[in-house]
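Content type compact mmCIF, N, CA and C atoms, from the file work.txt:
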# COMPACT_ATOMS: atom_id res chain seq x y z
N MET A 655 -81.14 -44.56 -112.75
CA MET A 655 -81.34 -45.96 -112.44
C MET A 655 -82.83 -46.24 -112.29
N LYS A 656 -83.21 -47.45 -112.63
CA LYS A 656 -84.61 -47.83 -112.52
C LYS A 656 -85.00 -48.04 -111.06
N GLN A 657 -86.22 -47.67 -110.75
CA GLN A 657 -86.73 -47.85 -109.40
C GLN A 657 -87.11 -49.30 -109.20
N LYS A 658 -86.77 -49.84 -108.03
CA LYS A 658 -87.14 -51.21 -107.69
C LYS A 658 -87.47 -51.27 -106.20
N PRO A 659 -88.26 -52.24 -105.78
CA PRO A 659 -88.60 -52.35 -104.36
C PRO A 659 -87.36 -52.66 -103.52
N HIS A 660 -87.31 -52.08 -102.32
CA HIS A 660 -86.20 -52.31 -101.40
C HIS A 660 -86.73 -52.86 -100.08
N ILE A 661 -85.86 -53.53 -99.34
CA ILE A 661 -86.24 -54.13 -98.06
C ILE A 661 -85.95 -53.13 -96.95
N CYS A 662 -86.94 -52.92 -96.09
CA CYS A 662 -86.81 -52.01 -94.95
C CYS A 662 -85.79 -52.58 -93.96
N THR A 663 -84.94 -51.72 -93.46
CA THR A 663 -83.89 -52.16 -92.53
C THR A 663 -84.44 -52.39 -91.12
N ARG A 664 -85.64 -51.90 -90.83
CA ARG A 664 -86.22 -52.07 -89.51
C ARG A 664 -87.17 -53.27 -89.45
N CYS A 665 -88.19 -53.28 -90.33
CA CYS A 665 -89.21 -54.33 -90.24
C CYS A 665 -89.05 -55.43 -91.29
N VAL A 666 -88.05 -55.35 -92.14
CA VAL A 666 -87.69 -56.35 -93.14
C VAL A 666 -88.84 -56.63 -94.13
N ALA A 667 -89.65 -55.63 -94.38
CA ALA A 667 -90.70 -55.74 -95.40
C ALA A 667 -90.27 -54.93 -96.62
N THR A 668 -90.81 -55.24 -97.79
CA THR A 668 -90.43 -54.51 -99.00
C THR A 668 -91.29 -53.26 -99.16
N THR A 669 -90.67 -52.24 -99.74
CA THR A 669 -91.38 -51.00 -100.05
C THR A 669 -90.82 -50.41 -101.33
N SER A 670 -91.68 -49.73 -102.06
CA SER A 670 -91.23 -49.02 -103.26
C SER A 670 -91.65 -47.55 -103.19
N LYS A 671 -92.07 -47.10 -102.01
CA LYS A 671 -92.50 -45.72 -101.80
C LYS A 671 -91.27 -44.83 -101.58
N ILE A 672 -91.09 -43.85 -102.48
CA ILE A 672 -89.95 -42.95 -102.40
C ILE A 672 -90.30 -41.77 -101.50
N HIS A 673 -89.43 -41.49 -100.54
CA HIS A 673 -89.63 -40.35 -99.65
C HIS A 673 -89.07 -39.07 -100.26
N ASP A 674 -87.80 -39.12 -100.69
CA ASP A 674 -87.18 -37.97 -101.34
C ASP A 674 -85.91 -38.39 -102.06
N TYR A 675 -85.22 -37.41 -102.64
CA TYR A 675 -83.98 -37.65 -103.37
C TYR A 675 -82.87 -36.81 -102.77
N ARG A 676 -81.64 -37.26 -102.96
CA ARG A 676 -80.47 -36.49 -102.56
C ARG A 676 -79.41 -36.64 -103.63
N VAL A 677 -78.78 -35.53 -104.01
CA VAL A 677 -77.73 -35.57 -105.02
C VAL A 677 -76.40 -35.80 -104.31
N GLN A 678 -75.63 -36.76 -104.80
CA GLN A 678 -74.34 -37.10 -104.22
C GLN A 678 -73.30 -37.17 -105.33
N ARG A 679 -72.14 -36.57 -105.09
CA ARG A 679 -71.02 -36.62 -106.04
C ARG A 679 -70.11 -37.78 -105.64
N ILE A 680 -69.88 -38.69 -106.60
CA ILE A 680 -69.09 -39.90 -106.34
C ILE A 680 -67.92 -39.94 -107.30
N LYS A 681 -66.74 -40.22 -106.78
CA LYS A 681 -65.55 -40.34 -107.63
C LYS A 681 -65.49 -41.72 -108.24
N ASP A 682 -65.07 -41.76 -109.51
CA ASP A 682 -64.99 -43.02 -110.23
C ASP A 682 -63.65 -43.11 -110.96
N VAL A 683 -63.42 -44.19 -111.65
CA VAL A 683 -62.17 -44.44 -112.37
C VAL A 683 -61.93 -43.31 -113.38
N PRO A 684 -60.69 -42.82 -113.47
CA PRO A 684 -60.41 -41.72 -114.40
C PRO A 684 -60.63 -42.12 -115.86
N LEU A 685 -61.11 -41.15 -116.63
CA LEU A 685 -61.30 -41.34 -118.07
C LEU A 685 -60.33 -40.43 -118.81
N PHE A 686 -59.59 -40.99 -119.75
CA PHE A 686 -58.63 -40.24 -120.55
C PHE A 686 -57.63 -39.48 -119.68
N GLY A 687 -57.24 -40.08 -118.56
CA GLY A 687 -56.25 -39.48 -117.68
C GLY A 687 -56.76 -38.34 -116.81
N LYS A 688 -58.07 -38.16 -116.75
CA LYS A 688 -58.67 -37.08 -115.95
C LYS A 688 -59.57 -37.68 -114.88
N PRO A 689 -59.61 -37.08 -113.68
CA PRO A 689 -60.51 -37.57 -112.63
C PRO A 689 -61.97 -37.50 -113.09
N THR A 690 -62.76 -38.48 -112.68
CA THR A 690 -64.16 -38.58 -113.08
C THR A 690 -65.06 -38.51 -111.86
N VAL A 691 -66.15 -37.76 -111.98
CA VAL A 691 -67.12 -37.64 -110.89
C VAL A 691 -68.50 -38.00 -111.45
N ILE A 692 -69.20 -38.88 -110.75
CA ILE A 692 -70.57 -39.23 -111.10
C ILE A 692 -71.49 -38.42 -110.19
N VAL A 693 -72.46 -37.74 -110.78
CA VAL A 693 -73.46 -37.03 -109.99
C VAL A 693 -74.67 -37.95 -109.92
N LEU A 694 -74.90 -38.50 -108.73
CA LEU A 694 -75.92 -39.53 -108.53
C LEU A 694 -77.10 -38.94 -107.77
N LYS A 695 -78.28 -39.17 -108.28
CA LYS A 695 -79.51 -38.76 -107.60
C LYS A 695 -80.01 -39.97 -106.82
N LYS A 696 -79.64 -40.01 -105.54
CA LYS A 696 -79.97 -41.16 -104.69
C LYS A 696 -81.39 -41.06 -104.17
N ARG A 697 -82.08 -42.19 -104.15
CA ARG A 697 -83.44 -42.24 -103.61
C ARG A 697 -83.43 -42.61 -102.14
N ARG A 698 -84.34 -41.99 -101.39
CA ARG A 698 -84.54 -42.38 -100.00
C ARG A 698 -85.97 -42.93 -99.91
N TYR A 699 -86.08 -44.18 -99.51
CA TYR A 699 -87.37 -44.85 -99.43
C TYR A 699 -87.95 -44.68 -98.02
N VAL A 700 -89.26 -44.87 -97.92
CA VAL A 700 -89.94 -44.82 -96.62
C VAL A 700 -90.89 -46.01 -96.52
N ARG A 701 -90.93 -46.59 -95.35
CA ARG A 701 -91.88 -47.67 -95.05
C ARG A 701 -92.94 -47.06 -94.17
N LYS A 702 -94.15 -46.90 -94.72
CA LYS A 702 -95.23 -46.20 -93.99
C LYS A 702 -95.63 -46.93 -92.72
N HIS A 703 -95.55 -48.26 -92.74
CA HIS A 703 -96.01 -49.04 -91.58
C HIS A 703 -95.15 -48.76 -90.35
N CYS A 704 -93.83 -48.75 -90.50
CA CYS A 704 -92.95 -48.53 -89.34
C CYS A 704 -92.35 -47.13 -89.32
N GLY A 705 -92.47 -46.37 -90.42
CA GLY A 705 -91.96 -45.00 -90.46
C GLY A 705 -90.47 -44.87 -90.74
N LYS A 706 -89.81 -45.97 -91.02
CA LYS A 706 -88.36 -45.96 -91.27
C LYS A 706 -88.06 -45.39 -92.65
N ARG A 707 -87.04 -44.51 -92.70
CA ARG A 707 -86.54 -43.97 -93.97
C ARG A 707 -85.13 -44.50 -94.19
N PHE A 708 -84.82 -44.89 -95.42
CA PHE A 708 -83.50 -45.46 -95.70
C PHE A 708 -83.17 -45.24 -97.17
N TYR A 709 -81.87 -45.19 -97.46
CA TYR A 709 -81.38 -45.01 -98.83
C TYR A 709 -81.37 -46.33 -99.56
N GLU A 710 -81.48 -46.23 -100.89
CA GLU A 710 -81.45 -47.44 -101.71
C GLU A 710 -80.06 -48.07 -101.67
N HIS A 711 -80.01 -49.37 -101.83
CA HIS A 711 -78.75 -50.11 -101.82
C HIS A 711 -78.16 -50.09 -103.23
N LEU A 712 -76.89 -49.69 -103.32
CA LEU A 712 -76.19 -49.67 -104.60
C LEU A 712 -75.01 -50.63 -104.51
N ASP A 713 -74.92 -51.57 -105.44
CA ASP A 713 -73.86 -52.59 -105.41
C ASP A 713 -72.47 -51.99 -105.58
N TYR A 714 -72.35 -50.94 -106.36
CA TYR A 714 -71.04 -50.38 -106.68
C TYR A 714 -70.58 -49.30 -105.70
N LEU A 715 -71.41 -48.97 -104.70
CA LEU A 715 -71.07 -47.91 -103.76
C LEU A 715 -71.35 -48.37 -102.33
N PRO A 716 -70.29 -48.65 -101.55
CA PRO A 716 -70.51 -49.04 -100.16
C PRO A 716 -71.15 -47.92 -99.35
N ARG A 717 -71.77 -48.28 -98.25
CA ARG A 717 -72.44 -47.32 -97.39
C ARG A 717 -71.42 -46.30 -96.85
N TYR A 718 -71.78 -45.04 -96.86
CA TYR A 718 -70.99 -43.90 -96.39
C TYR A 718 -69.76 -43.60 -97.25
N HIS A 719 -69.58 -44.26 -98.37
CA HIS A 719 -68.43 -44.01 -99.23
C HIS A 719 -68.76 -42.96 -100.28
N ARG A 720 -67.72 -42.27 -100.74
CA ARG A 720 -67.89 -41.28 -101.78
C ARG A 720 -67.06 -41.61 -103.02
N MET A 721 -66.64 -42.87 -103.10
CA MET A 721 -65.98 -43.35 -104.31
C MET A 721 -66.41 -44.79 -104.56
N THR A 722 -66.43 -45.16 -105.83
CA THR A 722 -66.93 -46.48 -106.22
C THR A 722 -65.94 -47.58 -105.86
N ASN A 723 -66.45 -48.79 -105.80
CA ASN A 723 -65.57 -49.96 -105.60
C ASN A 723 -64.57 -50.07 -106.73
N ARG A 724 -65.02 -49.71 -107.93
CA ARG A 724 -64.15 -49.76 -109.11
C ARG A 724 -62.93 -48.87 -108.94
N LEU A 725 -63.13 -47.67 -108.37
CA LEU A 725 -62.01 -46.76 -108.16
C LEU A 725 -61.05 -47.31 -107.11
N SER A 726 -61.58 -47.91 -106.06
CA SER A 726 -60.71 -48.52 -105.04
C SER A 726 -59.83 -49.61 -105.64
N ILE A 727 -60.41 -50.45 -106.47
CA ILE A 727 -59.65 -51.52 -107.12
C ILE A 727 -58.63 -50.93 -108.08
N TYR A 728 -59.01 -49.89 -108.81
CA TYR A 728 -58.10 -49.22 -109.74
C TYR A 728 -56.89 -48.65 -109.00
N ILE A 729 -57.12 -48.01 -107.86
CA ILE A 729 -56.01 -47.43 -107.07
C ILE A 729 -55.09 -48.53 -106.59
N LEU A 730 -55.64 -49.64 -106.12
CA LEU A 730 -54.80 -50.75 -105.66
C LEU A 730 -53.99 -51.35 -106.80
N GLN A 731 -54.55 -51.39 -108.00
CA GLN A 731 -53.80 -51.88 -109.16
C GLN A 731 -52.67 -50.91 -109.52
N GLN A 732 -52.92 -49.61 -109.39
CA GLN A 732 -51.89 -48.63 -109.69
C GLN A 732 -50.76 -48.68 -108.66
N LEU A 733 -51.08 -49.06 -107.43
CA LEU A 733 -50.05 -49.18 -106.39
C LEU A 733 -49.08 -50.32 -106.69
N LYS A 734 -49.51 -51.31 -107.47
CA LYS A 734 -48.62 -52.41 -107.85
C LYS A 734 -47.55 -51.94 -108.82
N LYS A 735 -47.88 -50.92 -109.60
CA LYS A 735 -46.92 -50.38 -110.56
C LYS A 735 -45.95 -49.45 -109.84
N GLN A 736 -44.93 -49.05 -110.51
CA GLN A 736 -43.95 -48.15 -109.90
C GLN A 736 -44.40 -46.71 -110.08
N GLN A 737 -45.40 -46.31 -109.30
CA GLN A 737 -45.91 -44.96 -109.30
C GLN A 737 -45.95 -44.46 -107.87
N SER A 738 -45.78 -43.17 -107.70
CA SER A 738 -45.87 -42.62 -106.35
C SER A 738 -47.33 -42.44 -105.97
N MET A 739 -47.58 -42.37 -104.68
CA MET A 739 -48.95 -42.16 -104.21
C MET A 739 -49.46 -40.79 -104.64
N LYS A 740 -48.57 -39.83 -104.75
CA LYS A 740 -48.95 -38.49 -105.19
C LYS A 740 -49.46 -38.53 -106.64
N GLU A 741 -48.74 -39.25 -107.50
CA GLU A 741 -49.17 -39.37 -108.90
C GLU A 741 -50.54 -40.04 -109.00
N ILE A 742 -50.73 -41.09 -108.23
CA ILE A 742 -52.01 -41.80 -108.24
C ILE A 742 -53.13 -40.89 -107.76
N SER A 743 -52.86 -40.11 -106.71
CA SER A 743 -53.90 -39.22 -106.18
C SER A 743 -54.25 -38.12 -107.17
N GLU A 744 -53.27 -37.63 -107.92
CA GLU A 744 -53.54 -36.58 -108.91
C GLU A 744 -54.38 -37.11 -110.07
N VAL A 745 -54.08 -38.33 -110.53
CA VAL A 745 -54.81 -38.90 -111.66
C VAL A 745 -56.24 -39.28 -111.26
N THR A 746 -56.42 -39.80 -110.06
CA THR A 746 -57.74 -40.27 -109.64
C THR A 746 -58.59 -39.19 -108.98
N GLY A 747 -57.98 -38.12 -108.51
CA GLY A 747 -58.74 -37.05 -107.87
C GLY A 747 -59.05 -37.30 -106.41
N VAL A 748 -58.34 -38.24 -105.78
CA VAL A 748 -58.50 -38.47 -104.35
C VAL A 748 -57.26 -37.95 -103.63
N SER A 749 -57.33 -37.83 -102.33
CA SER A 749 -56.18 -37.33 -101.57
C SER A 749 -55.13 -38.42 -101.40
N ILE A 750 -53.92 -38.00 -101.06
CA ILE A 750 -52.83 -38.96 -100.82
C ILE A 750 -53.16 -39.83 -99.62
N THR A 751 -53.80 -39.25 -98.60
CA THR A 751 -54.16 -40.04 -97.41
C THR A 751 -55.19 -41.13 -97.75
N THR A 752 -56.06 -40.86 -98.71
CA THR A 752 -57.01 -41.89 -99.15
C THR A 752 -56.27 -43.05 -99.82
N VAL A 753 -55.28 -42.73 -100.62
CA VAL A 753 -54.47 -43.78 -101.27
C VAL A 753 -53.74 -44.59 -100.19
N MET A 754 -53.17 -43.91 -99.19
CA MET A 754 -52.48 -44.60 -98.09
C MET A 754 -53.44 -45.50 -97.32
N ARG A 755 -54.65 -44.99 -97.05
CA ARG A 755 -55.64 -45.76 -96.30
C ARG A 755 -56.05 -47.02 -97.07
N LEU A 756 -56.17 -46.91 -98.39
CA LEU A 756 -56.49 -48.10 -99.20
C LEU A 756 -55.37 -49.12 -99.14
N LEU A 757 -54.13 -48.64 -99.15
CA LEU A 757 -52.99 -49.56 -99.04
C LEU A 757 -53.01 -50.27 -97.69
N ASP A 758 -53.39 -49.55 -96.64
CA ASP A 758 -53.46 -50.16 -95.31
C ASP A 758 -54.55 -51.22 -95.22
N THR A 759 -55.64 -51.06 -95.98
CA THR A 759 -56.72 -52.05 -95.93
C THR A 759 -56.29 -53.39 -96.52
N VAL A 760 -55.35 -53.35 -97.47
CA VAL A 760 -54.86 -54.58 -98.08
C VAL A 760 -54.00 -55.35 -97.09
N GLY A 761 -53.27 -54.65 -96.26
CA GLY A 761 -52.44 -55.30 -95.24
C GLY A 761 -51.18 -55.91 -95.80
N VAL A 762 -50.44 -55.17 -96.59
CA VAL A 762 -49.18 -55.66 -97.16
C VAL A 762 -48.09 -55.56 -96.10
N GLU A 763 -47.51 -56.67 -95.77
CA GLU A 763 -46.42 -56.70 -94.78
C GLU A 763 -45.10 -56.95 -95.51
N PRO A 764 -44.10 -56.15 -95.23
CA PRO A 764 -42.80 -56.38 -95.88
C PRO A 764 -42.15 -57.65 -95.34
N ASP A 765 -41.37 -58.30 -96.20
CA ASP A 765 -40.66 -59.51 -95.82
C ASP A 765 -39.26 -59.10 -95.36
N TYR A 766 -39.04 -59.08 -94.06
CA TYR A 766 -37.76 -58.63 -93.51
C TYR A 766 -36.69 -59.72 -93.55
N LYS A 767 -37.05 -60.95 -93.94
CA LYS A 767 -36.06 -62.02 -94.03
C LYS A 767 -35.16 -61.83 -95.24
N ILE A 768 -35.73 -61.22 -96.28
CA ILE A 768 -34.96 -60.99 -97.50
C ILE A 768 -34.75 -59.49 -97.64
N LEU A 769 -33.50 -59.06 -97.52
CA LEU A 769 -33.17 -57.64 -97.65
C LEU A 769 -32.53 -57.40 -99.02
N PRO A 770 -32.79 -56.25 -99.62
CA PRO A 770 -32.18 -55.94 -100.91
C PRO A 770 -30.68 -55.66 -100.77
N GLU A 771 -29.96 -55.79 -101.87
CA GLU A 771 -28.52 -55.52 -101.85
C GLU A 771 -28.25 -54.03 -101.69
N VAL A 772 -29.14 -53.20 -102.20
CA VAL A 772 -28.97 -51.75 -102.14
C VAL A 772 -30.16 -51.15 -101.40
N ILE A 773 -29.87 -50.28 -100.46
CA ILE A 773 -30.92 -49.56 -99.75
C ILE A 773 -30.84 -48.10 -100.16
N SER A 774 -31.95 -47.56 -100.64
CA SER A 774 -31.95 -46.15 -101.04
C SER A 774 -32.72 -45.34 -100.02
N ILE A 775 -32.32 -44.09 -99.86
CA ILE A 775 -32.96 -43.19 -98.91
C ILE A 775 -33.75 -42.17 -99.71
N ASP A 776 -35.02 -42.02 -99.35
CA ASP A 776 -35.91 -41.12 -100.07
C ASP A 776 -35.56 -39.66 -99.81
N GLU A 777 -35.47 -39.28 -98.56
CA GLU A 777 -35.15 -37.89 -98.21
C GLU A 777 -34.10 -37.88 -97.12
N PHE A 778 -33.28 -36.84 -97.12
CA PHE A 778 -32.22 -36.73 -96.13
C PHE A 778 -32.09 -35.27 -95.72
N LYS A 779 -31.97 -35.07 -94.43
CA LYS A 779 -31.77 -33.71 -93.92
C LYS A 779 -30.58 -33.72 -92.98
N GLY A 780 -29.70 -32.81 -93.22
CA GLY A 780 -28.55 -32.67 -92.33
C GLY A 780 -28.48 -31.27 -91.78
N THR A 781 -28.03 -31.15 -90.59
CA THR A 781 -27.91 -29.85 -89.96
C THR A 781 -26.43 -29.54 -89.79
N TYR A 782 -26.03 -28.43 -90.35
CA TYR A 782 -24.64 -28.00 -90.27
C TYR A 782 -24.51 -27.00 -89.13
N ILE A 783 -23.63 -27.29 -88.21
CA ILE A 783 -23.38 -26.37 -87.12
C ILE A 783 -21.99 -25.76 -87.39
N GLY A 784 -22.02 -24.53 -87.82
CA GLY A 784 -20.78 -23.84 -88.17
C GLY A 784 -20.26 -22.99 -87.01
N ARG A 785 -19.02 -22.51 -87.16
CA ARG A 785 -18.44 -21.67 -86.10
C ARG A 785 -18.80 -20.25 -86.27

Render the structure in this file as C-alpha cells.
Amino acid sequence: MKQKPHICTRCVATTSKIHDYRVQRIKDVPLFGKPTVIVLKKRRYVRKHCGKRFYEHLDYLPRYHRMTNRLSIYILQQLKKQQSMKEISEVTGVSITTVMRLLDTVGVEPDYKILPEVISIDEFKGTYIGR
C-alpha cells in the first residue's frame, strides 16, 4: 500500500514519519473454495513532537481484528443459506465460535408467534437402564 500522512491519536497533528513495520496475517474471503490469508506489512507511525506511536488506519480492517470486513459480510451471507456453521468455518478458515459470534452481532431474534408445523430435533441422547 502507498504511504500517506496519518493523524496522530494524541495531538491530532498529521505525520508521515514511519517508526517500524509489523507483519500481520489477515483472513479474507475464500478463493476457489479455499481459505485465503493476506500477509500485510503494517506501518507504525510516530509523531516526534508528542512521542506517540500508532498503526496506520485501514478501511477494510477494524482495529484489533484479524479478518477483513469483507469476510465478515461473506460469513453473514453464507448464514442466510442452508449451510451449517461447521461448513462455513471450514470454507472460510475461521473457527465455529467466530461464526457464532458474528451471528450474535447481527441480533437475529426468532419469531415465537409463528411456530412451524413440524419440529425437528438435531441430536437426541437416551439412557437405557437395564436389569

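Residues within 7 Å of Lys671 (chain A), counting all atoms listed in the file and excluding same-chain residues fewer than 5 positions away, are Pro659, His660, Arg698, Tyr699, Val700 and Arg701 of chain A.
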
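What separates atom N of Glu763 (chain A) from CA of Ile742 (chain A) is a distance of 19.9 Å.
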
(request) Just the residues within 7 Å of region 748-762 of chain A, please, counting only C-alpha atoms, with nothing from its chain fewer than 6 positions along; format it as a VMD selection string. (result) chain A and resid 730 739 to 740

As JSON, please report the centre and edge lengths, rounded to one decimal in Å, of the axis-aligned box that holds all listed atoms of region 748-762 of chain A with 3 Å of padding on each of the six sides.
{"center_x": -53.3, "center_y": -46.6, "center_z": -100.5, "size_x": 16.4, "size_y": 24.6, "size_z": 16.6}

(request) Could you give me the residues within region 667-723 of chain A that DSSP places in strand (DSSP E), as JSON, numbers by chain? (result) {"A": [668, 669, 672, 673, 674, 675, 676, 677, 678, 679, 680, 681, 682, 683, 684, 685, 688, 689, 690, 691, 692, 693, 694, 695, 696, 697, 698, 699, 700, 707, 708, 709]}

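The spacing separating atom N of Lys696 (chain A) from atom N of Gln657 (chain A) amounts to 11.4 Å.
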
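Atom pair atom N of Ile661 (chain A) / atom N of Tyr718 (chain A) has a distance of 16.6 Å (rounded to one decimal).
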
Spatial neighbours of Gln678 (chain A), 7 Å, only N, CA and C atoms, chain gap at least 4 places, as an mmCIF file with N, CA and C atoms, in the coordinates of the input:
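What follows is the written file out_32.cif:
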data_model
loop_
_atom_site.group_PDB
_atom_site.id
_atom_site.type_symbol
_atom_site.label_atom_id
_atom_site.label_comp_id
_atom_site.auth_asym_id
_atom_site.auth_seq_id
_atom_site.Cartn_x
_atom_site.Cartn_y
_atom_site.Cartn_z
ATOM 1 N N ILE A 692 -69.200 -38.880 -110.750
ATOM 2 C CA ILE A 692 -70.570 -39.230 -111.100
ATOM 3 C C ILE A 692 -71.490 -38.420 -110.190
ATOM 4 N N VAL A 693 -72.460 -37.740 -110.780
ATOM 5 C CA VAL A 693 -73.460 -37.030 -109.990
ATOM 6 C C VAL A 693 -74.670 -37.950 -109.920
ATOM 7 N N LEU A 694 -74.900 -38.500 -108.730
ATOM 8 C CA LEU A 694 -75.920 -39.530 -108.530
ATOM 9 C C LEU A 694 -77.100 -38.940 -107.770
ATOM 10 N N LYS A 695 -78.280 -39.170 -108.280
ATOM 11 C CA LYS A 695 -79.510 -38.760 -107.600
ATOM 12 C C LYS A 695 -80.010 -39.970 -106.820
ATOM 13 N N LYS A 696 -79.640 -40.010 -105.540
ATOM 14 C CA LYS A 696 -79.970 -41.160 -104.690
ATOM 15 C C LYS A 696 -81.390 -41.060 -104.170
#

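Counting all atoms listed in the file, the residue from A:Asp713, A:Thr746, A:Val772, A:Ile729 that sits nearest to Leu685 (chain A) is A:Thr746.
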
(request) Looking only at helix (DSSP H, G or I) from DSSP on the backbone, list the matching residues of chain A as a ChimeraX atom specification. (result) /A:723-734,739-746,750-760

Let me see the file: selected residues, N, CA and C atoms, as an mmCIF file, in the frame of the given file.
data_model
loop_
_atom_site.group_PDB
_atom_site.id
_atom_site.type_symbol
_atom_site.label_atom_id
_atom_site.label_comp_id
_atom_site.auth_asym_id
_atom_site.auth_seq_id
_atom_site.Cartn_x
_atom_site.Cartn_y
_atom_site.Cartn_z
ATOM 1 N N ASN A 723 -66.450 -48.790 -105.800
ATOM 2 C CA ASN A 723 -65.570 -49.960 -105.600
ATOM 3 C C ASN A 723 -64.570 -50.070 -106.730
ATOM 4 N N ARG A 724 -65.020 -49.710 -107.930
ATOM 5 C CA ARG A 724 -64.150 -49.760 -109.110
ATOM 6 C C ARG A 724 -62.930 -48.870 -108.940
ATOM 7 N N LEU A 725 -63.130 -47.670 -108.370
ATOM 8 C CA LEU A 725 -62.010 -46.760 -108.160
ATOM 9 C C LEU A 725 -61.050 -47.310 -107.110
ATOM 10 N N SER A 726 -61.580 -47.910 -106.060
ATOM 11 C CA SER A 726 -60.710 -48.520 -105.040
ATOM 12 C C SER A 726 -59.830 -49.610 -105.640
ATOM 13 N N ILE A 727 -60.410 -50.450 -106.470
ATOM 14 C CA ILE A 727 -59.650 -51.520 -107.120
ATOM 15 C C ILE A 727 -58.630 -50.930 -108.080
ATOM 16 N N TYR A 728 -59.010 -49.890 -108.810
ATOM 17 C CA TYR A 728 -58.100 -49.220 -109.740
ATOM 18 C C TYR A 728 -56.890 -48.650 -109.000
ATOM 19 N N ILE A 729 -57.120 -48.010 -107.860
ATOM 20 C CA ILE A 729 -56.010 -47.430 -107.070
ATOM 21 C C ILE A 729 -55.090 -48.530 -106.590
ATOM 22 N N LEU A 730 -55.640 -49.640 -106.120
ATOM 23 C CA LEU A 730 -54.800 -50.750 -105.660
ATOM 24 C C LEU A 730 -53.990 -51.350 -106.800
ATOM 25 N N GLN A 731 -54.550 -51.390 -108.000
ATOM 26 C CA GLN A 731 -53.800 -51.880 -109.160
ATOM 27 C C GLN A 731 -52.670 -50.910 -109.520
ATOM 28 N N GLN A 732 -52.920 -49.610 -109.390
ATOM 29 C CA GLN A 732 -51.890 -48.630 -109.690
ATOM 30 C C GLN A 732 -50.760 -48.680 -108.660
ATOM 31 N N LEU A 733 -51.080 -49.060 -107.430
ATOM 32 C CA LEU A 733 -50.050 -49.180 -106.390
ATOM 33 C C LEU A 733 -49.080 -50.320 -106.690
ATOM 34 N N LYS A 734 -49.510 -51.310 -107.470
ATOM 35 C CA LYS A 734 -48.620 -52.410 -107.850
ATOM 36 C C LYS A 734 -47.550 -51.940 -108.820
ATOM 37 N N MET A 739 -47.580 -42.370 -104.680
ATOM 38 C CA MET A 739 -48.950 -42.160 -104.210
ATOM 39 C C MET A 739 -49.460 -40.790 -104.640
ATOM 40 N N LYS A 740 -48.570 -39.830 -104.750
ATOM 41 C CA LYS A 740 -48.950 -38.490 -105.190
ATOM 42 C C LYS A 740 -49.460 -38.530 -106.640
ATOM 43 N N GLU A 741 -48.740 -39.250 -107.500
ATOM 44 C CA GLU A 741 -49.170 -39.370 -108.900
ATOM 45 C C GLU A 741 -50.540 -40.040 -109.000
ATOM 46 N N ILE A 742 -50.730 -41.090 -108.230
ATOM 47 C CA ILE A 742 -52.010 -41.800 -108.240
ATOM 48 C C ILE A 742 -53.130 -40.890 -107.760
ATOM 49 N N SER A 743 -52.860 -40.110 -106.710
ATOM 50 C CA SER A 743 -53.900 -39.220 -106.180
ATOM 51 C C SER A 743 -54.250 -38.120 -107.170
ATOM 52 N N GLU A 744 -53.270 -37.630 -107.920
ATOM 53 C CA GLU A 744 -53.540 -36.580 -108.910
ATOM 54 C C GLU A 744 -54.380 -37.110 -110.070
ATOM 55 N N VAL A 745 -54.080 -38.330 -110.530
ATOM 56 C CA VAL A 745 -54.810 -38.900 -111.660
ATOM 57 C C VAL A 745 -56.240 -39.280 -111.260
ATOM 58 N N THR A 746 -56.420 -39.800 -110.060
ATOM 59 C CA THR A 746 -57.740 -40.270 -109.640
ATOM 60 C C THR A 746 -58.590 -39.190 -108.980
ATOM 61 N N ILE A 750 -53.920 -38.000 -101.060
ATOM 62 C CA ILE A 750 -52.830 -38.960 -100.820
ATOM 63 C C ILE A 750 -53.160 -39.830 -99.620
ATOM 64 N N THR A 751 -53.800 -39.250 -98.600
ATOM 65 C CA THR A 751 -54.160 -40.040 -97.410
ATOM 66 C C THR A 751 -55.190 -41.130 -97.750
ATOM 67 N N THR A 752 -56.060 -40.860 -98.710
ATOM 68 C CA THR A 752 -57.010 -41.890 -99.150
ATOM 69 C C THR A 752 -56.270 -43.050 -99.820
ATOM 70 N N VAL A 753 -55.280 -42.730 -100.620
ATOM 71 C CA VAL A 753 -54.470 -43.780 -101.270
ATOM 72 C C VAL A 753 -53.740 -44.590 -100.190
ATOM 73 N N MET A 754 -53.170 -43.910 -99.190
ATOM 74 C CA MET A 754 -52.480 -44.600 -98.090
ATOM 75 C C MET A 754 -53.440 -45.500 -97.320
ATOM 76 N N ARG A 755 -54.650 -44.990 -97.050
ATOM 77 C CA ARG A 755 -55.640 -45.760 -96.300
ATOM 78 C C ARG A 755 -56.050 -47.020 -97.070
ATOM 79 N N LEU A 756 -56.170 -46.910 -98.390
ATOM 80 C CA LEU A 756 -56.490 -48.100 -99.200
ATOM 81 C C LEU A 756 -55.370 -49.120 -99.140
ATOM 82 N N LEU A 757 -54.130 -48.640 -99.150
ATOM 83 C CA LEU A 757 -52.990 -49.560 -99.040
ATOM 84 C C LEU A 757 -53.010 -50.270 -97.690
ATOM 85 N N ASP A 758 -53.390 -49.550 -96.640
ATOM 86 C CA ASP A 758 -53.460 -50.160 -95.310
ATOM 87 C C ASP A 758 -54.550 -51.220 -95.220
ATOM 88 N N THR A 759 -55.640 -51.060 -95.980
ATOM 89 C CA THR A 759 -56.720 -52.050 -95.930
ATOM 90 C C THR A 759 -56.290 -53.390 -96.520
ATOM 91 N N VAL A 760 -55.350 -53.350 -97.470
ATOM 92 C CA VAL A 760 -54.860 -54.580 -98.080
ATOM 93 C C VAL A 760 -54.000 -55.350 -97.090
#

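Nearest to Lys688 (chain A) of all the residues A:Val666, A:Leu769, A:Val745, A:Ile783 is A:Val745, counting all atoms listed in the file.
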
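Taking all atoms listed in the file into account, Thr669 (chain A) lies nearest to A:Lys702 out of the set A:Lys702, A:Gln731, A:Leu715, A:Glu741.
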